[in-house]
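Engineer: Here you go, one structure.
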Amino acid sequence: MGSPLSLHIAFYIGPVAVSTPVLVTWVIMLLLSGGAWLLTRRLSIHSSSRQAALEVVVGAIEVQIRDTMRTDPAPYLPLIGTLFLFTFTANWSSLLPGAEPPTAHIETDAALALIVFFAVGYYGIKSRGLRGYVATFAEPSILMIPLNLIETITRTFSLVVRLFGNVMSGVFVVGIVLSLVGLLVPVPLMALDLLTGAVQAYIFSVLAMVFIAGVLGPDSETKQQEGK
């Protein structure tokens with residue numbers, strides 16, 4: 001096997017090399033976007049089985065957001081729901097023959113972590129204002145500013161390392177066993193890898209909620225309800 005950090009080139013568009021993780025990422029994005037459009041284009045009061053399944057998924061994500069963030073889930077549902085569904089689908093893309101999970105490559109995980117990083121700043125400023133958000137770095141004391149800044153960076157880095165390490169190690173171990181003993185023996189390991197992928201998608205989304213909830217103002221839910 002090659003290095004788990006190496007990138008395999010799928011094809012070239014002129015001088016631009018398109019790697020396999022980028023290709024799989026765009027396929028996942030197209031599938032999720034197309035699936036969302038197909039599932040929501042004919043919503044009705046009398047739910048079909050397809051709409052009922054969609055409502056169960058959306059409702060479960062809303063409940064998790066409310067329980068974790070203690071606020072109205074509506075403003076955060078698009079971001080958290082998209083992060084979870086993309087990460088979950090990316091982790092399980094190893095089921096496709098010849099596909100390698102994009103989340104097994106640190107570039108994808110870094111991009112997802114950066115989305116969370118900027119989302120924290122966006123929602124913090126939206127909830128508290130720019131001055132109020134900056135003031136959170138001086139809590140509980142102005143002496144904590146350096147430590148709070150370091151924490152903001154290190155927790156983003158921890159998102160990258162956690163997701164990358166777990167997904168990549170699963171793919172790497174299954175690949176090694178498969179190359180040594182054949183096709184059927186690694187099946188239990190593959191099942192465990194899929195379970196790990198689902199858990200990691202959940203943990204990544206929950207941590208995103210926790211980080212965002214940490215910068216919201218104490219009256220954020222009241223403001224949201226007054227704006228409706």
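Labeling convention for the structure tokens: chains A, B, ... as they appear, residues from 1 per chain, ligands from 1 in order of appearance.
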Based on the backbone DSSP call, show me all residues of range 35-70 of chain A assigned helix (DSSP H, G or I), as a list in words.
Structural biologist: Gly35, Ala36, Trp37, Leu38, Leu39, Thr40, Ser49, Arg50, Gln51, Ala52, Ala53, Leu54, Glu55, Val56, Val57, Val58, Gly59, Ala60, Ile61, Glu62, Val63, Gln64, Ile65, Arg66, Asp67, Thr68 and Met69 of chain A
Engineer: Write a file of the selected residues as an mmCIF file, in the first residue's frame, keeping C-alpha atoms.
Structural biologist:
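Result file out.cif:
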data_model
loop_
_atom_site.group_PDB
_atom_site.id
_atom_site.type_symbol
_atom_site.label_atom_id
_atom_site.label_comp_id
_atom_site.auth_asym_id
_atom_site.auth_seq_id
_atom_site.Cartn_x
_atom_site.Cartn_y
_atom_site.Cartn_z
ATOM 1 C CA GLY A 35 -31.400 14.139 -3.176
ATOM 2 C CA ALA A 36 -32.440 17.191 -1.127
ATOM 3 C CA TRP A 37 -34.095 18.712 -4.193
ATOM 4 C CA LEU A 38 -35.966 15.511 -5.065
ATOM 5 C CA LEU A 39 -37.138 14.966 -1.493
ATOM 6 C CA THR A 40 -38.354 18.524 -0.914
ATOM 7 C CA SER A 49 -43.323 7.539 3.247
ATOM 8 C CA ARG A 50 -40.412 9.377 1.641
ATOM 9 C CA GLN A 51 -41.388 12.701 3.212
ATOM 10 C CA ALA A 52 -41.992 11.004 6.570
ATOM 11 C CA ALA A 53 -38.465 9.564 6.507
ATOM 12 C CA LEU A 54 -37.066 13.000 5.688
ATOM 13 C CA GLU A 55 -39.028 14.570 8.544
ATOM 14 C CA VAL A 56 -37.656 11.966 10.961
ATOM 15 C CA VAL A 57 -34.068 12.816 9.979
ATOM 16 C CA VAL A 58 -34.622 16.581 10.151
ATOM 17 C CA GLY A 59 -36.532 16.251 13.425
ATOM 18 C CA ALA A 60 -33.742 14.189 14.981
ATOM 19 C CA ILE A 61 -31.150 16.796 14.021
ATOM 20 C CA GLU A 62 -33.357 19.590 15.389
ATOM 21 C CA VAL A 63 -33.782 17.767 18.697
ATOM 22 C CA GLN A 64 -30.027 17.240 18.968
ATOM 23 C CA ILE A 65 -29.351 20.923 18.277
ATOM 24 C CA ARG A 66 -31.915 22.033 20.867
ATOM 25 C CA ASP A 67 -30.639 19.613 23.506
ATOM 26 C CA THR A 68 -26.992 20.522 22.908
ATOM 27 C CA MET A 69 -27.180 24.265 22.304
#
Engineer: As a PDB file with C-alpha atoms, in the first residue's frame, please: the residues near Trp92 in chain A (cut-off 9 Å, only C-alpha atoms, same-chain neighbours under 5 positions excluded).
Structural biologist:
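Printed below is around22.pdb as written:
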ATOM      1  CA  THR A  87     -19.423  13.778   6.981  1.00  0.00           C
ATOM      2  CA  PRO A 101     -13.480   8.391   1.923  1.00  0.00           C
ATOM      3  CA  ASP A 193     -15.204   0.907  10.352  1.00  0.00           C
ATOM      4  CA  LEU A 194     -18.701   1.928   9.195  1.00  0.00           C
ATOM      5  CA  GLY A 197     -17.606   6.550  10.611  1.00  0.00           C
ATOM      6  CA  ALA A 198     -21.168   7.130  11.806  1.00  0.00           C
TER       7      ALA A 198
END
Engineer: For range 62-152 of chain A versus range 11-20 of chain A, which residues have an atom no more than 9 Å away, and what is each residue's nearest atom pair and distance in Å rounded to one decimal, using only C-alpha atoms, chain-then-number order, as CSV?
Structural biologist:
residue,atom,partner,partner_atom,distance
A:Ala99,CA,A:Thr20,CA,7.9
A:Glu100,CA,A:Thr20,CA,7.5
A:Pro102,CA,A:Thr20,CA,8.2
Engineer: A:Leu43, A:Tyr76, A:Phe117, A:Ile212: which is nearest Thr154 in chain A, counting only C-alpha atoms?
Structural biologist: A:Phe117
